[in-house]
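So this block is my_file38.csv, CSV, C-alpha atoms and all ligand atoms:
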chain,number,residue,atom,x,y,z
A,1,MET,CA,-13.1,1.1,-4.1
A,2,LEU,CA,-16.4,-0.4,-5.1
A,3,PRO,CA,-17.4,-3.6,-3.2
A,4,THR,CA,-16.9,-6.8,-5.1
A,5,ILE,CA,-19.8,-8.6,-3.4
A,6,GLU,CA,-22.3,-7.4,-0.8
A,7,TRP,CA,-25.0,-9.0,1.2
A,8,LYS,CA,-28.0,-6.6,1.0
A,9,ASP,CA,-30.8,-7.7,3.3
A,10,ASP,CA,-32.1,-10.7,1.4
A,11,VAL,CA,-30.1,-10.6,-1.9
A,12,VAL,CA,-26.5,-10.8,-2.9
A,13,VAL,CA,-25.2,-8.0,-5.2
A,14,MET,CA,-22.0,-8.4,-7.2
A,15,ILE,CA,-20.2,-6.1,-9.7
A,16,ASP,CA,-20.3,-7.9,-13.1
A,17,GLN,CA,-16.6,-8.5,-13.8
A,18,ARG,CA,-17.4,-9.6,-17.3
A,19,LYS,CA,-18.4,-6.0,-18.2
A,20,LEU,CA,-15.5,-4.2,-16.7
A,21,PRO,CA,-13.9,-1.8,-17.5
A,22,ALA,CA,-16.5,-0.7,-20.2
A,23,SER,CA,-19.4,-0.5,-17.7
A,24,GLU,CA,-20.0,-0.8,-14.0
A,25,VAL,CA,-23.0,-3.1,-13.9
A,26,TYR,CA,-24.3,-4.9,-10.8
A,27,VAL,CA,-25.9,-8.3,-10.8
A,28,THR,CA,-28.5,-9.1,-8.1
A,29,CYS,CA,-28.7,-12.7,-7.0
A,30,LYS,CA,-32.0,-13.7,-5.4
A,31,THR,CA,-31.4,-17.4,-5.1
A,32,ALA,CA,-28.5,-19.9,-4.5
A,33,LYS,CA,-28.9,-20.9,-8.2
A,34,ASP,CA,-28.3,-17.3,-9.2
A,35,VAL,CA,-25.1,-17.2,-7.2
A,36,ALA,CA,-23.9,-20.5,-8.6
A,37,LYS,CA,-24.5,-19.2,-12.1
A,38,ALA,CA,-22.6,-16.0,-11.3
A,39,ILE,CA,-19.6,-18.0,-10.2
A,40,THR,CA,-19.7,-20.3,-13.2
A,41,THR,CA,-20.1,-17.5,-15.7
A,42,MET,CA,-17.4,-15.3,-14.2
A,43,VAL,CA,-19.6,-12.5,-13.0
A,44,ILE,CA,-17.5,-13.0,-9.9
A,45,ARG,CA,-14.1,-14.7,-10.0
A,46,GLY,CA,-10.8,-14.9,-8.1
A,47,ALA,CA,-10.3,-17.6,-5.5
A,48,PRO,CA,-11.2,-15.7,-2.3
A,49,ALA,CA,-14.1,-13.9,-3.9
A,50,ILE,CA,-15.5,-17.3,-5.1
A,51,GLY,CA,-15.3,-18.6,-1.5
A,52,VAL,CA,-17.2,-15.6,-0.2
A,53,ALA,CA,-19.8,-15.9,-3.0
A,54,ALA,CA,-20.4,-19.6,-2.2
A,55,ALA,CA,-20.9,-18.9,1.5
A,56,MET,CA,-23.3,-16.1,0.7
A,57,GLY,CA,-25.1,-18.3,-1.8
A,58,ILE,CA,-25.6,-21.0,0.7
A,59,ALA,CA,-26.9,-18.5,3.3
A,60,LEU,CA,-29.2,-17.0,0.7
A,61,GLY,CA,-30.5,-20.4,-0.4
A,62,MET,CA,-31.3,-21.4,3.2
A,63,ARG,CA,-33.0,-18.1,3.7
A,64,ARG,CA,-35.3,-18.9,0.8
A,65,SER,CA,-36.0,-22.4,2.2
A,66,SER,CA,-39.7,-23.2,2.9
A,67,ALA,CA,-38.7,-26.2,5.0
A,68,THR,CA,-40.5,-26.4,8.4
A,69,GLY,CA,-38.7,-29.3,9.8
A,70,THR,CA,-34.9,-29.9,10.2
A,71,LYS,CA,-34.9,-33.1,8.1
A,72,GLN,CA,-36.1,-31.3,4.9
A,73,TYR,CA,-34.0,-28.3,5.8
A,74,THR,CA,-30.9,-30.5,6.1
A,75,THR,CA,-31.6,-32.1,2.7
A,76,GLU,CA,-31.9,-28.7,1.0
A,77,PHE,CA,-28.7,-27.5,2.7
A,78,GLN,CA,-26.8,-30.5,1.3
A,79,LYS,CA,-28.2,-29.9,-2.2
A,80,ILE,CA,-27.2,-26.2,-2.1
A,81,CYS,CA,-23.7,-27.1,-0.9
A,82,ASP,CA,-23.4,-29.6,-3.8
A,83,LEU,CA,-24.6,-27.0,-6.2
A,84,MET,CA,-21.9,-24.5,-5.1
A,85,ALA,CA,-19.2,-27.3,-5.1
A,86,GLY,CA,-19.9,-28.0,-8.8
A,87,THR,CA,-19.3,-24.4,-10.0
A,88,ARG,CA,-15.5,-24.2,-10.4
A,89,PRO,CA,-13.0,-26.9,-9.4
A,90,THR,CA,-9.6,-25.3,-8.9
A,91,ALA,CA,-9.9,-22.5,-6.3
A,92,VAL,CA,-9.8,-24.4,-3.0
A,93,ASN,CA,-11.3,-21.4,-1.2
A,94,LEU,CA,-14.7,-22.5,-2.6
A,95,PHE,CA,-14.5,-25.9,-0.9
A,96,TRP,CA,-13.0,-24.3,2.2
A,97,ALA,CA,-16.0,-21.9,2.5
A,98,ILE,CA,-18.5,-24.7,1.9
A,99,GLU,CA,-16.8,-26.8,4.7
A,100,ARG,CA,-17.0,-23.9,7.0
A,101,MET,CA,-20.7,-23.4,6.3
A,102,LYS,CA,-21.2,-27.2,6.9
A,103,ARG,CA,-19.5,-27.0,10.2
A,104,VAL,CA,-21.6,-24.1,11.4
A,105,PHE,CA,-24.7,-25.9,10.2
A,106,ALA,CA,-23.8,-29.1,12.1
A,107,GLU,CA,-23.0,-27.2,15.3
A,108,ALA,CA,-26.2,-25.2,15.2
A,109,ALA,CA,-28.3,-28.3,14.4
A,110,GLN,CA,-26.6,-30.3,17.1
A,111,ALA,CA,-27.3,-27.5,19.6
A,112,GLY,CA,-31.0,-28.0,18.8
A,113,GLY,CA,-31.3,-24.8,16.8
A,114,SER,CA,-34.6,-24.1,15.0
A,115,VAL,CA,-34.7,-23.6,11.2
A,116,SER,CA,-34.7,-19.9,11.6
A,117,GLU,CA,-31.9,-19.9,14.2
A,118,ILE,CA,-29.7,-22.0,11.9
A,119,THR,CA,-30.5,-19.7,9.0
A,120,LEU,CA,-29.4,-16.7,11.0
A,121,ARG,CA,-26.1,-18.5,12.0
A,122,LEU,CA,-25.4,-19.3,8.3
A,123,GLU,CA,-26.0,-15.7,7.3
A,124,ARG,CA,-23.7,-14.5,10.1
A,125,GLU,CA,-21.0,-17.0,9.1
A,126,ALA,CA,-21.1,-15.8,5.4
A,127,LEU,CA,-20.6,-12.2,6.5
A,128,THR,CA,-17.8,-13.2,8.8
A,129,ILE,CA,-16.0,-15.0,6.0
A,130,HIS,CA,-16.4,-11.8,3.9
A,131,ASP,CA,-15.0,-9.5,6.6
A,132,GLU,CA,-12.2,-11.9,7.5
A,133,ASP,CA,-11.1,-12.0,3.9
A,134,VAL,CA,-10.7,-8.2,3.8
A,135,ALA,CA,-8.8,-8.3,7.1
A,136,SER,CA,-6.5,-11.0,5.9
A,137,CYS,CA,-5.8,-9.1,2.6
A,138,LYS,CA,-4.8,-6.1,4.7
A,139,SER,CA,-2.6,-8.2,6.9
A,140,MET,CA,-1.0,-9.9,3.8
A,141,GLY,CA,-0.4,-6.5,2.4
A,142,ALA,CA,1.5,-5.4,5.5
A,143,HIS,CA,3.7,-8.5,5.5
A,144,GLY,CA,4.2,-8.5,1.7
A,145,ALA,CA,5.1,-4.8,1.6
A,146,THR,CA,8.3,-5.6,3.5
A,147,LEU,CA,9.5,-7.4,0.4
A,148,VAL,CA,9.0,-4.4,-1.9
A,149,PRO,CA,12.0,-2.1,-2.2
A,150,HIS,CA,11.6,1.6,-1.8
A,151,SER,CA,11.3,2.0,-5.6
A,152,ALA,CA,10.2,-1.0,-7.6
A,153,ASN,CA,8.8,-2.2,-10.9
A,154,VAL,CA,6.4,-5.0,-10.1
A,155,LEU,CA,5.0,-7.5,-12.6
A,156,THR,CA,1.7,-9.2,-11.9
A,157,HIS,CA,-0.4,-11.7,-13.8
A,158,CYS,CA,-4.2,-12.1,-13.9
A,159,ASN,CA,-6.2,-10.1,-11.3
A,160,ALA,CA,-5.5,-10.8,-7.6
A,161,GLY,CA,-7.0,-7.6,-6.5
A,162,ALA,CA,-10.0,-6.2,-4.7
A,163,LEU,CA,-12.2,-7.8,-7.4
A,164,ALA,CA,-10.8,-11.2,-6.7
A,165,THR,CA,-11.4,-11.0,-3.0
A,166,ALA,CA,-13.9,-9.3,-0.6
A,167,GLY,CA,-11.7,-6.2,-0.9
A,168,TYR,CA,-8.1,-4.9,-1.1
A,169,GLY,CA,-6.6,-7.9,-2.8
A,170,THR,CA,-3.8,-10.4,-2.3
A,171,ALA,CA,-1.1,-9.6,-4.8
A,172,LEU,CA,-2.5,-6.1,-5.4
A,173,GLY,CA,-2.9,-5.8,-1.6
A,174,VAL,CA,0.9,-6.1,-1.4
A,175,ILE,CA,1.2,-3.4,-4.0
A,176,ARG,CA,-1.4,-1.2,-2.3
A,177,ALA,CA,0.3,-1.6,1.1
A,178,ALA,CA,3.7,-0.7,-0.4
A,179,VAL,CA,2.2,2.4,-2.1
A,180,GLU,CA,0.4,3.4,1.2
A,181,GLN,CA,3.8,3.2,2.9
A,182,GLY,CA,5.1,5.8,0.5
A,183,LYS,CA,7.1,3.4,-1.8
A,184,LYS,CA,7.3,4.3,-5.5
A,185,VAL,CA,5.7,1.3,-7.2
A,186,ALA,CA,5.1,1.0,-11.0
A,187,VAL,CA,3.1,-2.1,-12.1
A,188,LEU,CA,3.4,-4.1,-15.2
A,189,ALA,CA,0.1,-5.9,-15.7
A,190,ASP,CA,0.1,-9.0,-17.9
A,191,GLU,CA,-2.9,-8.8,-20.1
A,192,THR,CA,-3.7,-12.5,-19.2
A,193,ARG,CA,-5.2,-14.3,-22.2
A,194,PRO,CA,-7.8,-15.5,-22.8
A,195,PHE,CA,-10.2,-13.8,-20.3
A,196,LEU,CA,-8.0,-10.6,-20.0
A,197,GLN,CA,-8.3,-10.3,-16.2
A,198,GLY,CA,-5.0,-8.3,-16.2
A,199,ALA,CA,-5.8,-5.9,-19.0
A,200,ARG,CA,-9.4,-5.3,-17.9
A,201,LEU,CA,-9.5,-5.8,-14.2
A,202,THR,CA,-6.1,-5.2,-12.7
A,203,ALA,CA,-5.5,-2.2,-14.9
A,204,TRP,CA,-8.9,-0.8,-13.9
A,205,GLU,CA,-8.3,-1.3,-10.2
A,206,LEU,CA,-4.9,0.2,-10.2
A,207,ILE,CA,-5.7,3.2,-12.4
A,208,ASN,CA,-8.7,3.9,-10.0
A,209,ASP,CA,-6.2,4.0,-7.2
A,210,GLY,CA,-3.8,6.2,-9.0
A,211,ILE,CA,-1.1,3.6,-9.2
A,212,ASP,CA,1.4,3.7,-12.1
A,213,THR,CA,0.2,1.0,-14.5
A,214,THR,CA,1.5,-0.4,-17.8
A,215,VAL,CA,-0.4,-3.2,-19.5
A,216,ILE,CA,1.7,-5.7,-21.6
A,217,THR,CA,0.7,-8.7,-23.5
A,218,ASP,CA,1.7,-12.0,-21.9
A,219,ASN,CA,4.4,-12.7,-24.4
A,220,MET,CA,6.2,-9.4,-23.5
A,221,ALA,CA,7.1,-10.5,-19.9
A,222,GLY,CA,10.4,-12.1,-20.9
A,223,THR,CA,11.8,-9.1,-22.8
A,224,MET,CA,10.7,-6.7,-20.1
A,225,MET,CA,12.7,-8.8,-17.6
A,226,ARG,CA,15.7,-9.0,-19.8
A,227,GLN,CA,15.6,-5.3,-20.3
A,228,GLY,CA,15.6,-4.7,-16.6
A,229,HIS,CA,12.1,-3.4,-16.3
A,230,VAL,CA,11.0,-5.9,-13.6
A,231,ASP,CA,12.3,-5.9,-10.0
A,232,LEU,CA,9.9,-8.5,-8.6
A,233,VAL,CA,6.9,-10.5,-9.5
A,234,VAL,CA,3.8,-10.9,-7.2
A,235,VAL,CA,0.8,-13.0,-8.1
A,236,GLY,CA,-2.1,-14.6,-6.3
A,237,ALA,CA,-3.1,-18.3,-6.1
A,238,ASP,CA,-6.1,-20.5,-6.5
A,239,ARG,CA,-4.7,-23.4,-4.6
A,240,ILE,CA,-1.3,-24.0,-2.9
A,241,ALA,CA,-0.4,-27.6,-2.3
A,242,ALA,CA,1.3,-28.7,1.0
A,243,ASN,CA,4.7,-28.7,-0.7
A,244,GLY,CA,4.4,-25.1,-2.0
A,245,ASP,CA,3.4,-25.9,-5.6
A,246,VAL,CA,1.1,-23.1,-6.7
A,247,ALA,CA,-1.9,-23.3,-9.0
A,248,ASN,CA,-2.8,-19.9,-10.5
A,249,LYS,CA,-4.1,-18.4,-13.7
A,250,VAL,CA,-2.6,-20.1,-16.8
A,251,GLY,CA,0.6,-18.3,-17.7
A,252,THR,CA,1.8,-17.9,-14.2
A,253,TYR,CA,4.2,-20.9,-14.6
A,254,ALA,CA,5.9,-19.2,-17.6
A,255,VAL,CA,6.3,-16.0,-15.7
A,256,ALA,CA,7.9,-17.9,-12.8
A,257,VAL,CA,10.4,-19.7,-15.0
A,258,LEU,CA,11.3,-16.4,-16.7
A,259,ALA,CA,11.7,-14.7,-13.3
A,260,LYS,CA,14.1,-17.5,-12.1
A,261,ALA,CA,16.1,-17.2,-15.4
A,262,HIS,CA,16.5,-13.5,-14.8
A,263,GLY,CA,17.2,-13.7,-11.0
A,264,ILE,CA,14.0,-11.9,-10.2
A,265,PRO,CA,12.1,-12.8,-7.0
A,266,PHE,CA,8.8,-14.5,-7.6
A,267,TYR,CA,6.3,-14.0,-4.7
A,268,VAL,CA,2.9,-15.5,-4.2
A,269,ALA,CA,0.4,-13.7,-2.0
A,270,ALA,CA,-2.6,-15.8,-0.8
A,271,PRO,CA,-4.6,-16.3,2.4
A,272,LEU,CA,-4.3,-19.6,4.3
A,273,SER,CA,-7.7,-20.5,3.0
A,274,THR,CA,-5.9,-21.0,-0.4
A,275,VAL,CA,-3.4,-23.4,1.2
A,276,ASP,CA,-4.6,-27.0,0.8
A,277,LEU,CA,-2.6,-29.1,3.2
A,278,ASN,CA,-4.6,-32.2,2.1
A,279,THR,CA,-3.2,-31.9,-1.4
A,280,PRO,CA,0.5,-33.1,-1.2
A,281,ASP,CA,1.7,-31.5,-4.5
A,282,GLY,CA,0.6,-29.7,-7.6
A,283,SER,CA,0.0,-32.8,-9.7
A,284,ARG,CA,-3.1,-33.5,-7.6
A,285,ILE,CA,-4.7,-30.1,-8.1
A,286,PRO,CA,-7.7,-30.3,-10.5
A,287,ILE,CA,-7.3,-27.9,-13.3
A,288,GLU,CA,-10.4,-26.4,-14.8
A,289,GLU,CA,-10.8,-26.6,-18.6
A,290,ARG,CA,-13.0,-23.8,-19.7
A,291,ASN,CA,-15.2,-23.1,-22.8
A,292,GLU,CA,-13.1,-23.0,-26.0
A,293,ARG,CA,-15.0,-19.8,-27.0
A,294,GLU,CA,-12.8,-17.9,-24.6
A,295,VAL,CA,-9.9,-18.7,-26.9
A,296,THR,CA,-11.6,-18.7,-30.3
A,297,HIS,CA,-13.4,-15.3,-29.9
A,298,LEU,CA,-12.8,-11.8,-28.7
A,299,GLY,CA,-16.2,-10.5,-27.9
A,300,SER,CA,-18.3,-11.5,-30.9
A,301,SER,CA,-15.3,-11.6,-33.3
A,302,ARG,CA,-13.9,-15.0,-34.2
A,303,LEU,CA,-10.1,-15.2,-34.0
A,304,THR,CA,-9.3,-18.7,-35.0
A,305,PRO,CA,-10.3,-20.7,-38.1
A,306,GLY,CA,-12.9,-23.4,-37.7
A,307,GLY,CA,-11.4,-26.9,-37.6
A,308,ALA,CA,-8.5,-26.0,-35.3
A,309,ARG,CA,-8.5,-27.9,-32.0
A,310,ILE,CA,-8.6,-25.7,-29.0
A,311,ARG,CA,-7.3,-26.1,-25.4
A,312,ASN,CA,-8.3,-23.8,-22.6
A,313,PRO,CA,-6.9,-24.9,-19.2
A,314,ALA,CA,-7.7,-21.9,-17.0
A,315,PHE,CA,-4.8,-22.6,-14.5
A,316,ASP,CA,-1.3,-24.0,-14.4
A,317,VAL,CA,0.9,-25.2,-11.6
A,318,THR,CA,4.2,-23.5,-10.7
A,319,PRO,CA,6.5,-25.9,-8.9
A,320,ALA,CA,7.6,-24.7,-5.5
A,321,GLU,CA,11.3,-24.4,-6.6
A,322,TYR,CA,10.3,-21.3,-8.6
A,323,VAL,CA,8.6,-19.6,-5.7
A,324,THR,CA,10.8,-17.3,-3.7
A,325,ALA,CA,8.3,-16.8,-0.9
A,326,ILE,CA,4.6,-17.2,-0.1
A,327,VAL,CA,2.9,-14.2,1.7
A,328,THR,CA,0.0,-15.1,3.9
A,329,GLU,CA,-2.0,-13.1,6.5
A,330,ARG,CA,0.0,-14.7,9.2
A,331,GLY,CA,3.5,-14.1,7.8
A,332,ILE,CA,5.8,-15.1,5.1
A,333,ALA,CA,6.6,-18.7,4.3
A,334,ARG,CA,9.8,-19.8,2.6
A,335,ALA,CA,11.2,-23.2,1.5
A,336,PRO,CA,10.9,-25.8,2.7
A,337,TYR,CA,7.2,-25.1,2.3
A,338,GLU,CA,6.0,-28.4,3.8
A,339,GLU,CA,7.3,-27.0,7.1
A,340,SER,CA,6.7,-23.3,6.8
A,341,LEU,CA,3.1,-23.6,5.4
A,342,ALA,CA,2.1,-26.2,8.0
A,343,GLN,CA,3.5,-24.0,10.8
A,344,LEU,CA,1.6,-20.9,9.6
A,345,ALA,CA,-1.6,-22.8,9.1
A,346,SER,CA,-1.5,-24.1,12.7
A,347,ALA,CA,-0.1,-21.0,14.4
A,348,PRO,CA,-2.3,-18.9,16.7
A,349,VAL,CA,-3.2,-15.7,14.8
A,350,SER,CA,-1.6,-13.2,17.2
A,351,SER,CA,1.8,-14.9,17.5
A,352,SER,CA,2.1,-15.8,13.8
A,353,VAL,CA,1.4,-12.2,12.7
A,354,ALA,CA,4.7,-11.3,14.4
A,355,ARG,CA,6.6,-13.9,12.4
A,356,SER,CA,7.6,-11.9,9.3
A,401,LIG,O1,-10.3,-17.7,-13.5
A,401,LIG,P1,-10.2,-16.6,-12.4
A,401,LIG,O2,-10.3,-15.2,-12.9
A,401,LIG,O3,-11.1,-16.9,-11.3
A,401,LIG,O4,-8.7,-16.9,-11.9
A,401,LIG,C1,-8.2,-16.0,-10.9
A,401,LIG,C2,-6.8,-16.2,-10.6
A,401,LIG,O5,-6.2,-17.1,-11.1
A,401,LIG,C3,-6.2,-15.3,-9.5
A,401,LIG,O6,-4.9,-15.0,-9.8
A,401,LIG,C4,-6.3,-16.1,-8.2
A,401,LIG,O7,-7.6,-16.5,-8.0
A,401,LIG,C5,-5.8,-15.3,-7.1
A,401,LIG,S1,-7.1,-14.1,-6.6
A,401,LIG,C6,-6.7,-13.3,-5.2
As structure tokens - that is how I would like this structure written.
Ligand code: MRU
Amino acid sequence: MLPTIEWKDDVVVMIDQRKLPASEVYVTCKTAKDVAKAITTMVIRGAPAIGVAAAMGIALGMRRSSATGTKQYTTEFQKICDLMAGTRPTAVNLFWAIERMKRVFAEAAQAGGSVSEITLRLEREALTIHDEDVASCKSMGAHGATLVPHSANVLTHCNAGALATAGYGTALGVIRAAVEQGKKVAVLADETRPFLQGARLTAWELINDGIDTTVITDNMAGTMMRQGHVDLVVVGADRIAANGDVANKVGTYAVAVLAKAHGIPFYVAAPLSTVDLNTPDGSRIPIEERNEREVTHLGSSRLTPGGARIRNPAFDVTPAEYVTAIVTERGIARAPYEESLAQLASAPVSSSVARS
């Protein structure tokens, strides 16, 4: 599997997800501004990957700093954090990563670190965030695979795979782990209008891994369930509120309602960096409204007549009552989520891994 994002000496390299699957092109970011632009324009997307990119962008920006004194250096740091925070509003991993970089900065500065020492600490932290993300996807996969029967048809929405993380994936990590255990898994990938993350990215990843994949348009999910072609649903998340409400790619809510109507388990796989205990419920999650061109056009072809109003909310919120379980790197949370998520978030890593 190709790396989603890599720190290479003094640049950050990302696979351009807008170009997949037609071509494998890499974008080299030399400055924090380049990284911010890559996040905003969807070169890199997916909640955990956005968090990793922001951390690397901050480290890169500070490496480029010409500040000699800590005062100017601190001002630049704050500006770069603000730049990253303004890229995309829904995925909480972005803000989680920025806060982590801020903590490291404050600790290093308080300890009397020089500009170059603080720069090195920030770089190390960004790489740690990257590596931890891969490890937590692997752990999530191991926990989540216990929910997958020996032979299963699994429906997923959007792309919660290696491309949406530092590697391996959340929802697709669960599928990968089940396949690695020898389970027979066939995946139904929702195409995921309007940006087609399912048709383009999920299908590309799974096919590359030799996993049985069928792409369907979003409006086919109901009939597939009714005809008995879906045993379980697993999706990722951009932000999970303290009560278990889940913000994920628009269309996820409809899939969850359909799953409940057909008695099909609906699982969410996400690292604890996606769980936002400061947001009490889904109504408080900011939903990004993206450019209407994503809806009106397919490539350069216009689909809609001029004059029609367009809406393009990139995410929706699935109420916790539709969520059968939430798979995290520390174990599986079930309702009541206020308790189970808080417990997992505060549990020491070693003991919590034994929970599921
Ligand atoms: O707009 P995107 O492509 O960044 O949205 C991505 C999703 O909604 C994913 O399902 C979510 O981030 C989970 S990724 C592991």
TODO: May I have the residues within 9 Å of ligand LIG 401 (chain A), computed using only C-alpha atoms and all ligand atoms, as a PyMOL selection string?
DONE: chain A and resi 39+42+44-50+88+90-91+137+157-165+169-172+195-197+235-239+247-250+252+269-271+274+288+314-315
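For the pair CA of Met220 (chain A) and CA of Ala189 (chain A), the interatomic distance is 10.5 Å.
Ranking A:Ile216, A:Gln72, A:Glu107, A:Ala53 by their shortest atom-to-atom distance to Ala85 (chain A), with all atoms listed in the file included, puts A:Ala53 first.
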Task: Shell of 8 Å around Cys29 (chain A), all atoms listed in the file, local chain residues under 4 positions omitted, as a list in words - done: Val11, Val12, Val13, Met14, Asp34 and Val35 of chain A
Open item on the list: To one decimal place in Å, what is the distance between CA of Arg103 (chain A) and CA of Ala241 (chain A)?
Closed with: 22.8 Å
Open item on the list: Quick one: residues within 9 Å of region 339-344 of chain A, only C-alpha atoms, excluding same-chain residues fewer than 6 positions away - as a ChimeraX atom specification?
Closed with: /A:242-244,272,275,277,326,328,330-333,352
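Closest approach to Phe95 (chain A) among A:Ile287, A:Leu206, A:Cys81, A:Leu303: A:Cys81, based on all atoms listed in the file.
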Open item on the list: Which residues are near Arg176 (chain A)? Cut-off 12 Å, all atoms listed in the file, ignore same chain within fewer than 3 positions. Put them as a PyMOL selection string.
Closed with: chain A and resi 137-145+148+154+160-162+167-173+179-187+205-212
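Across the structure, CA of Leu60 (chain A) and CA of Lys8 (chain A) are spaced 10.5 Å apart.
Using only C-alpha atoms, the nearest neighbour of Glu99 (chain A) within the list A:Tyr253, A:Val268, A:Gly61, A:Ala55 is A:Ala55.
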